[in-house]
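Enquirer: So here's coords-v7.txt, just compact mmCIF, C-alpha atoms:
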```txt
# COMPACT_ATOMS: atom_id res chain seq x y z
CA MET A 190 85.87 197.52 157.59
CA ARG A 191 87.31 200.16 155.24
CA PHE A 192 85.39 202.88 153.39
CA GLY A 193 88.15 204.47 151.36
CA PHE A 194 86.69 202.94 148.20
CA LEU A 195 83.83 205.48 148.46
CA LEU A 196 86.25 208.12 147.17
CA ARG A 197 86.45 206.36 143.81
CA PRO A 198 84.57 208.14 140.97
CA GLY A 199 82.21 205.22 140.40
CA TRP A 200 81.08 205.09 144.03
CA ILE A 201 80.81 208.88 144.26
CA GLY A 202 78.57 208.83 141.18
CA LEU A 203 76.40 206.08 142.66
CA VAL A 204 75.91 207.93 145.95
CA LEU A 205 75.05 211.19 144.16
CA LEU A 206 72.63 209.43 141.80
CA VAL A 207 70.81 207.73 144.66
CA GLY A 208 70.62 210.99 146.61
CA VAL A 209 69.18 212.92 143.65
CA PHE A 210 66.69 210.16 142.83
CA SER A 211 65.38 209.92 146.41
CA THR A 212 65.13 213.69 146.70
CA ILE A 213 63.06 213.89 143.51
CA CYS A 214 60.82 211.06 144.73
CA PHE A 215 60.07 212.81 148.03
CA THR A 216 59.88 216.43 146.84
CA VAL A 217 58.47 216.22 143.29
CA LEU A 218 57.00 212.91 142.15
CA ALA A 219 55.10 211.82 145.28
CA PRO A 220 53.70 215.32 146.05
CA TRP A 221 52.60 215.67 142.41
CA GLN A 222 50.63 212.42 142.59
CA PHE A 223 49.13 213.42 145.94
CA SER A 224 47.99 216.72 144.41
CA ARG A 225 46.38 214.86 141.49
CA HIS A 226 44.59 212.65 144.01
CA ASN A 227 43.33 215.70 145.92
CA GLU A 228 42.14 217.36 142.71
CA THR A 229 40.17 214.23 141.82
CA GLN A 230 38.57 214.16 145.26
CA VAL A 231 37.61 217.85 144.96
CA ARG A 232 36.06 217.19 141.54
CA ASN A 233 34.12 214.19 142.83
CA ASP A 234 32.80 216.18 145.78
CA ALA A 235 31.73 219.02 143.49
CA ILE A 236 29.89 216.64 141.15
CA ARG A 237 28.08 214.97 144.06
CA ALA A 238 27.11 218.36 145.45
CA SER A 239 25.78 219.50 142.05
CA MET A 240 23.54 216.43 141.88
CA ARG A 241 21.89 217.24 145.20
CA ALA A 242 21.77 221.04 145.16
CA GLU A 243 19.11 223.05 143.38
CA PRO A 244 20.25 225.18 140.40
CA ARG A 245 21.12 228.76 141.32
CA PRO A 246 21.09 231.95 139.22
CA LEU A 247 24.29 232.42 137.27
CA ASN A 248 25.05 235.91 138.60
CA GLU A 249 24.66 234.64 142.15
CA VAL A 250 27.33 231.96 141.67
CA LEU A 251 29.53 233.89 139.24
CA PRO A 252 29.09 237.65 139.50
CA ARG A 253 30.00 239.45 136.30
CA GLY A 254 33.75 239.41 135.76
CA ARG A 255 34.40 236.38 137.97
CA ALA A 256 35.87 233.34 136.21
CA PRO A 257 34.93 229.75 137.10
CA SER A 258 37.26 227.92 139.48
CA SER A 259 37.55 224.53 141.12
CA SER A 260 35.18 225.75 143.86
CA THR A 261 32.41 226.58 141.38
CA GLU A 262 32.98 224.05 138.57
CA TRP A 263 30.12 221.56 138.06
CA THR A 264 27.67 223.80 139.94
CA ARG A 265 24.28 223.91 138.22
CA VAL A 266 23.14 227.41 137.32
CA THR A 267 20.22 228.97 135.44
CA PHE A 268 20.25 231.93 133.07
CA THR A 269 17.96 233.52 130.51
CA GLY A 270 18.67 234.97 127.08
CA HIS A 271 18.89 233.82 123.49
CA TYR A 272 21.24 231.72 121.38
CA LEU A 273 23.50 233.29 118.74
CA SER A 274 23.03 230.41 116.31
CA GLY A 275 24.91 232.14 113.50
CA GLU A 276 28.10 232.15 115.60
CA GLU A 277 28.17 228.42 116.33
CA ALA A 278 31.36 226.28 116.44
CA LEU A 279 32.21 222.62 116.93
CA ALA A 280 34.83 221.06 119.22
CA TRP A 281 37.15 218.79 117.24
CA GLN A 282 38.24 215.23 118.09
CA ARG A 283 36.38 214.52 121.33
CA THR A 284 35.63 211.21 123.03
CA VAL A 285 32.28 210.63 124.74
CA LEU A 286 31.38 207.29 126.31
CA GLY A 287 34.44 205.75 124.66
CA GLU A 288 33.50 206.76 121.10
CA PRO A 289 34.48 209.69 118.83
CA ALA A 290 32.25 212.75 119.04
CA PHE A 291 32.00 216.44 118.27
CA GLU A 292 30.58 218.96 120.76
CA VAL A 293 28.36 221.80 119.61
CA LEU A 294 29.29 225.21 121.07
CA THR A 295 26.84 228.09 120.75
CA PRO A 296 27.26 231.59 122.21
CA PHE A 297 24.34 232.68 124.40
CA ARG A 298 23.48 236.36 124.93
CA LEU A 299 22.28 236.93 128.50
CA GLU A 300 19.34 239.18 129.30
CA SER A 301 21.43 240.63 132.13
CA GLY A 302 24.20 241.52 129.68
CA GLY A 303 27.24 239.73 128.39
CA THR A 304 27.66 236.50 126.43
CA VAL A 305 28.50 233.01 127.64
CA LEU A 306 29.54 229.91 125.71
CA VAL A 307 27.05 227.04 125.92
CA ASP A 308 27.98 223.44 125.13
CA ARG A 309 24.72 222.03 123.75
CA GLY A 310 25.93 218.43 123.82
CA PHE A 311 27.60 215.99 121.46
CA ILE A 312 27.02 214.53 118.01
CA ARG A 313 28.67 211.52 116.37
CA PRO A 314 30.92 212.14 113.35
CA VAL A 315 30.19 210.92 109.84
CA GLU A 316 33.10 209.36 107.93
CA SER A 317 35.40 210.22 110.87
CA THR A 318 35.82 213.94 110.11
CA ARG A 319 32.41 215.21 108.95
CA ALA A 320 29.66 216.60 111.15
CA PRO A 321 26.17 215.18 110.65
CA GLU A 322 23.00 217.22 110.40
CA TYR A 323 21.80 218.27 113.85
CA SER A 324 19.04 220.39 115.35
CA ALA A 325 19.56 224.13 115.40
CA ALA A 326 19.29 226.09 118.62
CA PRO A 327 15.81 227.51 119.28
CA GLU A 328 15.11 231.13 118.45
CA GLY A 329 13.79 233.66 120.90
CA THR A 330 14.28 234.03 124.63
CA VAL A 331 14.78 230.84 126.62
CA SER A 332 15.83 229.89 130.14
CA VAL A 333 18.31 227.04 130.53
CA THR A 334 20.04 225.06 133.26
CA ALA A 335 23.69 224.16 132.77
CA ARG A 336 26.80 223.15 134.67
CA ILE A 337 29.73 225.52 135.04
CA ARG A 338 32.98 224.38 133.44
CA THR A 339 36.44 225.90 133.44
CA ASN A 340 38.24 226.59 130.17
CA GLU A 341 40.26 223.85 128.55
CA HIS A 342 43.77 224.70 127.37
CA ASP A 343 45.42 223.63 124.14
CA ALA A 344 49.14 223.11 124.74
CA GLU A 345 49.84 224.20 121.14
CA GLN A 346 47.51 227.24 121.41
CA ARG A 347 45.96 226.53 118.02
CA SER A 348 43.39 228.91 116.58
CA MET A 349 39.99 227.98 115.21
CA PHE A 350 39.72 226.69 111.65
CA ARG A 351 37.09 225.94 109.02
CA HIS A 352 36.26 222.46 107.75
CA ASP A 353 33.22 220.91 106.06
CA GLY A 354 31.30 224.19 106.28
CA HIS A 355 31.74 224.60 110.06
CA ARG A 356 34.03 226.47 112.43
CA TRP A 357 36.13 224.18 114.62
CA THR A 358 38.19 224.52 117.77
CA TYR A 359 40.68 222.08 119.29
CA ALA A 360 39.91 223.03 122.90
CA ILE A 361 36.74 224.36 124.50
CA ASN A 362 38.11 227.71 125.58
CA SER A 363 35.89 230.79 125.66
CA ASP A 364 38.81 233.09 124.82
CA THR A 365 39.81 231.06 121.74
CA VAL A 366 36.22 230.72 120.54
CA GLY A 367 35.49 234.39 121.21
CA GLU A 368 38.50 235.47 119.16
CA GLY A 369 37.59 233.08 116.34
CA LEU A 370 33.97 234.29 116.24
CA ASP A 371 34.83 237.92 117.02
CA VAL A 372 32.35 237.82 119.93
CA PRO A 373 33.38 238.82 123.49
CA ILE A 374 32.59 235.81 125.72
CA ARG A 375 32.82 235.48 129.49
CA SER A 376 35.47 233.12 130.86
CA GLY A 377 34.54 229.45 131.10
CA TYR A 378 31.68 227.61 129.43
CA PHE A 379 28.42 225.88 130.38
CA THR A 380 27.24 222.37 129.52
CA LEU A 381 23.49 221.92 129.21
CA VAL A 382 21.80 219.28 131.34
CA GLY A 383 19.10 217.05 129.86
CA GLU A 384 15.74 218.31 128.63
CA GLN A 385 16.84 221.92 128.18
CA PRO A 386 16.02 224.16 125.20
CA GLY A 387 18.65 223.57 122.53
CA VAL A 388 20.22 220.46 124.10
CA LEU A 389 21.36 217.69 121.73
CA SER A 390 22.79 214.53 123.35
CA PRO A 391 23.69 215.80 126.85
CA LEU A 392 27.22 215.18 128.01
CA PRO A 393 27.48 212.55 130.76
CA LEU A 394 29.13 213.37 134.05
CA PRO A 395 32.63 211.95 134.64
CA ARG A 396 32.84 208.72 136.57
CA LEU A 397 33.32 209.25 140.29
CA GLU A 398 36.58 207.42 140.89
CA SER A 399 39.75 208.27 142.72
CA GLY A 400 42.11 207.01 140.05
CA PRO A 401 45.57 205.51 140.63
CA TYR A 402 47.22 208.70 141.89
CA PHE A 403 47.37 207.79 145.59
CA SER A 404 48.93 204.38 144.88
CA TYR A 405 51.43 206.00 142.49
CA ALA A 406 52.43 208.46 145.21
CA MET A 407 53.02 205.61 147.66
CA GLN A 408 55.11 203.79 145.06
CA TRP A 409 57.38 206.82 144.60
CA ILE A 410 57.82 207.04 148.38
CA ILE A 411 58.76 203.33 148.50
CA PHE A 412 61.23 203.79 145.63
CA GLY A 413 62.73 206.78 147.43
CA ILE A 414 63.30 204.63 150.53
CA MET A 415 64.51 201.50 148.72
CA ALA A 416 67.19 203.26 146.66
CA PRO A 417 69.29 204.39 149.68
CA LEU A 418 68.79 200.99 151.35
CA ALA A 419 70.06 199.19 148.26
CA ALA A 420 73.05 201.55 148.01
CA GLY A 421 73.80 201.03 151.72
CA TYR A 422 73.78 197.27 151.26
CA LEU A 423 76.23 197.53 148.35
CA ILE A 424 78.54 199.73 150.42
CA TYR A 425 78.34 197.32 153.38
CA SER A 426 79.13 194.32 151.15
CA GLU A 427 82.06 196.06 149.52
CA ALA A 428 83.48 197.15 152.87
CA ARG A 429 83.31 193.62 154.31
CA SER A 430 84.89 191.88 151.32
CA PRO A 431 88.39 190.44 152.19
CA ARG A 432 91.31 192.53 150.99
CA THR A 433 95.07 191.74 151.33
CA PRO A 434 97.52 194.64 151.40
CA LEU A 435 100.88 194.38 149.60
CA GLY A 436 103.51 192.59 151.72
CA GLY A 437 100.84 191.05 153.96
CA SER A 438 100.07 187.51 155.08
CA SER A 439 99.39 186.33 151.57
CA ARG A 440 103.01 187.00 150.53
CA ARG A 441 104.32 185.26 153.65
CA GLU A 442 102.17 182.22 152.92
CA SER A 443 103.47 182.12 149.35
CA THR A 444 107.09 182.31 150.59
CA ALA A 445 106.43 179.51 153.06
CA ARG A 446 104.96 177.34 150.31
CA ARG A 447 107.99 177.95 148.09
CA GLY A 448 110.30 177.10 151.04
CA LYS A 449 108.48 173.86 151.66
CA SER A 450 108.80 173.01 148.00
CA ARG A 451 112.59 173.56 148.05
CA MET A 452 112.98 171.46 151.23
CA SER A 453 111.10 168.62 149.63
CA VAL A 454 113.50 168.55 146.64
CA ALA A 455 116.60 168.50 148.92
CA GLU A 456 115.18 165.65 150.93
CA ALA A 457 114.55 163.68 147.76
CA ILE A 458 118.19 164.15 146.58
CA ALA A 459 119.54 163.07 149.99
CA ALA A 460 117.37 159.97 149.97
CA GLU A 461 118.60 159.07 146.51
CA GLU A 462 122.26 159.40 147.62
CA ARG A 463 121.58 157.17 150.63
CA ARG A 464 120.13 154.47 148.38
CA GLU A 465 123.17 154.60 146.08
CA ARG A 466 125.60 154.24 149.03
CA GLU A 467 123.61 151.28 150.38
CA ASN A 468 123.70 149.61 146.99
CA SER A 469 127.52 150.07 146.71
CA ALA A 470 128.07 148.59 150.19
CA GLU A 471 126.07 145.50 149.32
CA ALA A 472 128.04 145.04 146.15
```
Produce structure tokens that represent the structure in this file.
Expert:
Amino acid sequence: MRFGFLLRPGWIGLVLLVGVFSTICFTVLAPWQFSRHNETQVRNDAIRASMRAEPRPLNEVLPRGRAPSSSTEWTRVTFTGHYLSGEEALAWQRTVLGEPAFEVLTPFRLESGGTVLVDRGFIRPVESTRAPEYSAAPEGTVSVTARIRTNEHDAEQRSMFRHDGHRWTYAINSDTVGEGLDVPIRSGYFTLVGEQPGVLSPLPLPRLESGPYFSYAMQWIIFGIMAPLAAGYLIYSEARSPRTPLGGSSRRESTARRGKSRMSVAEAIAAEERRERENSAEA
């Protein structure tokens, strides 16, 4: 078995490619899918906990200045104050229960100070891009129960815009909405649960499912193992393939065959001469 062929550029490239691919599988792709799986499990646990636990005061869960996080998202909280109906905005191009929707976002001034962004629920669009008529937020002081949500992020960081007589935002982000409305708003936002003052069609909770992330992670691990095995098999096959060096047995066999061919011609000429002599003697 000879492995000198591994020094050829093609084989060097193959070995490097397999090494890089396997390394990425084990250090980037599989861990990323595992992290997505863990995030989904954390979200599911938080949603289950919010269904069982009693609502808590907002300032108890999120003291002033503290932003929502994965440990507090989906927690049900209560707070008291009044809606700022004149500063309302709509979230553009949403999907709720598999159909297009807009979400109504209304700032809410807390009695304890500060302003939060309340998602009052969803409405269905008219003619794809127009908002229908919907109920205004109630006036006066009200107490509501809502779920904590973390800010969404628009990859393009687009600002709010006006359309069809409404203010619109691409992502539900308290910073973006606050800048567009010129109203300081605390980080995060709050989705109303059913039967609350000002609620429209309440947003449903996400489905509690693990998703395909764990199986994807296992697939990347399998790919990372199979690639070196396949390369090893190719190397083994190439090393075991028969090779004949210059001047080796193959040349000797060819010389022997040519020698046998020449001997056969000489024998034929001698036999022909013997037949001619025999014919002359008979004559």
Enquirer: Within 12 Å of stretch 197-205 of chain A, counting only C-alpha atoms, which residues show up once you throw out same-chain ones fewer than 6 positions away? Write them as a list of chain:residue names, please.
Expert: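 Neighbouring residues, sequence-local ones excluded: A:Ser211, A:Thr212, A:Ala416, A:Pro417, A:Leu418, A:Ala419, A:Ala420, A:Gly421, A:Leu423, A:Ile424, A:Glu427.
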Enquirer: When you draw a straight line from atom CA of A:Arg225 to atom CA of A:Phe403, how long is it in Å?
Expert: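 Between atom CA of A:Arg225 and atom CA of A:Phe403 the gap is 8.2 Å.
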Enquirer: Name the residues within 10 Å of (32.6, 236.5, 118.7), counting all atoms listed in the file in the file's coordinates, and put them as a PyMOL selection string.
Expert: chain A and resi 273+276-277+296+304+363-374
Enquirer: Can you work out which one of A:Gly208, A:Ser426, A:Gly254, A:Leu394 has the shortest atom-to-atom distance to A:Phe192, counting only C-alpha atoms?
Expert: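 Using only C-alpha atoms, the shortest distance to A:Phe192 belongs to A:Ser426.
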Enquirer: Which of these, A:Gln222, A:Thr334, A:Phe215, A:Glu328, has the shortest distance to A:Leu247 once you count all atoms listed in the file?
Expert: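 Among A:Gln222, A:Thr334, A:Phe215, A:Glu328, it is A:Thr334 that comes nearest to A:Leu247.
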Enquirer: Using only C-alpha atoms, which protein or nucleic acid residues come within 10 Å of A:Leu294? Drop anything in the same chain fewer than 5 positions from it, and give the result as a VMD selection string.
Expert: chain A and resid 274 276 to 280 306 to 311 356 to 358 361 363 366 378 to 380
Enquirer: With 12 Å as the threshold, what does the neighbourhood of (32.1, 226.7, 140.0) contain in terms of residues, counting all atoms listed in the file? Coordinates are those of the file; answer as a ChimeraX atom specification.
Expert: /A:231-232,235-236,238-239,244-245,247-252,255-266,335-340,376-379
Enquirer: Could you write out the selected residues, including C-alpha atoms, as a short mmCIF file (atom, residue, chain, number, x, y, z; two decimals), in the frame of the given file?
Expert:
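To be explicit, this is the file written out as out-v7.cif:
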```cif
data_model
loop_
_atom_site.label_atom_id
_atom_site.label_comp_id
_atom_site.auth_asym_id
_atom_site.auth_seq_id
_atom_site.Cartn_x
_atom_site.Cartn_y
_atom_site.Cartn_z
CA VAL A 231 37.61 217.85 144.96
CA ARG A 232 36.06 217.19 141.54
CA ALA A 235 31.73 219.02 143.49
CA ILE A 236 29.89 216.64 141.15
CA ALA A 238 27.11 218.36 145.45
CA SER A 239 25.78 219.50 142.05
CA PRO A 244 20.25 225.18 140.40
CA ARG A 245 21.12 228.76 141.32
CA LEU A 247 24.29 232.42 137.27
CA ASN A 248 25.05 235.91 138.60
CA GLU A 249 24.66 234.64 142.15
CA VAL A 250 27.33 231.96 141.67
CA LEU A 251 29.53 233.89 139.24
CA PRO A 252 29.09 237.65 139.50
CA ARG A 255 34.40 236.38 137.97
CA ALA A 256 35.87 233.34 136.21
CA PRO A 257 34.93 229.75 137.10
CA SER A 258 37.26 227.92 139.48
CA SER A 259 37.55 224.53 141.12
CA SER A 260 35.18 225.75 143.86
CA THR A 261 32.41 226.58 141.38
CA GLU A 262 32.98 224.05 138.57
CA TRP A 263 30.12 221.56 138.06
CA THR A 264 27.67 223.80 139.94
CA ARG A 265 24.28 223.91 138.22
CA VAL A 266 23.14 227.41 137.32
CA ALA A 335 23.69 224.16 132.77
CA ARG A 336 26.80 223.15 134.67
CA ILE A 337 29.73 225.52 135.04
CA ARG A 338 32.98 224.38 133.44
CA THR A 339 36.44 225.90 133.44
CA ASN A 340 38.24 226.59 130.17
CA SER A 376 35.47 233.12 130.86
CA GLY A 377 34.54 229.45 131.10
CA TYR A 378 31.68 227.61 129.43
CA PHE A 379 28.42 225.88 130.38
#
```
Enquirer: How many Å separate atom CA of A:Met240 from atom CA of A:Pro386?
Expert: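 Computing it gives 19.9 Å between the two atoms.
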Enquirer: Of the candidates A:Val315, A:Ala428, A:Leu195, A:Val382, which shows the shortest atom-to-atom distance to A:Ala290, using all atoms listed in the file?
Expert: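 For A:Ala290, the nearest of the candidates is A:Val315.
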Enquirer: One decimal, Å: what's the distance from atom CA of A:Tyr405 over to atom CA of A:Gln282, could you say?
Expert: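 Answer for the atom CA of A:Tyr405 to atom CA of A:Gln282 separation: 29.2 Å.
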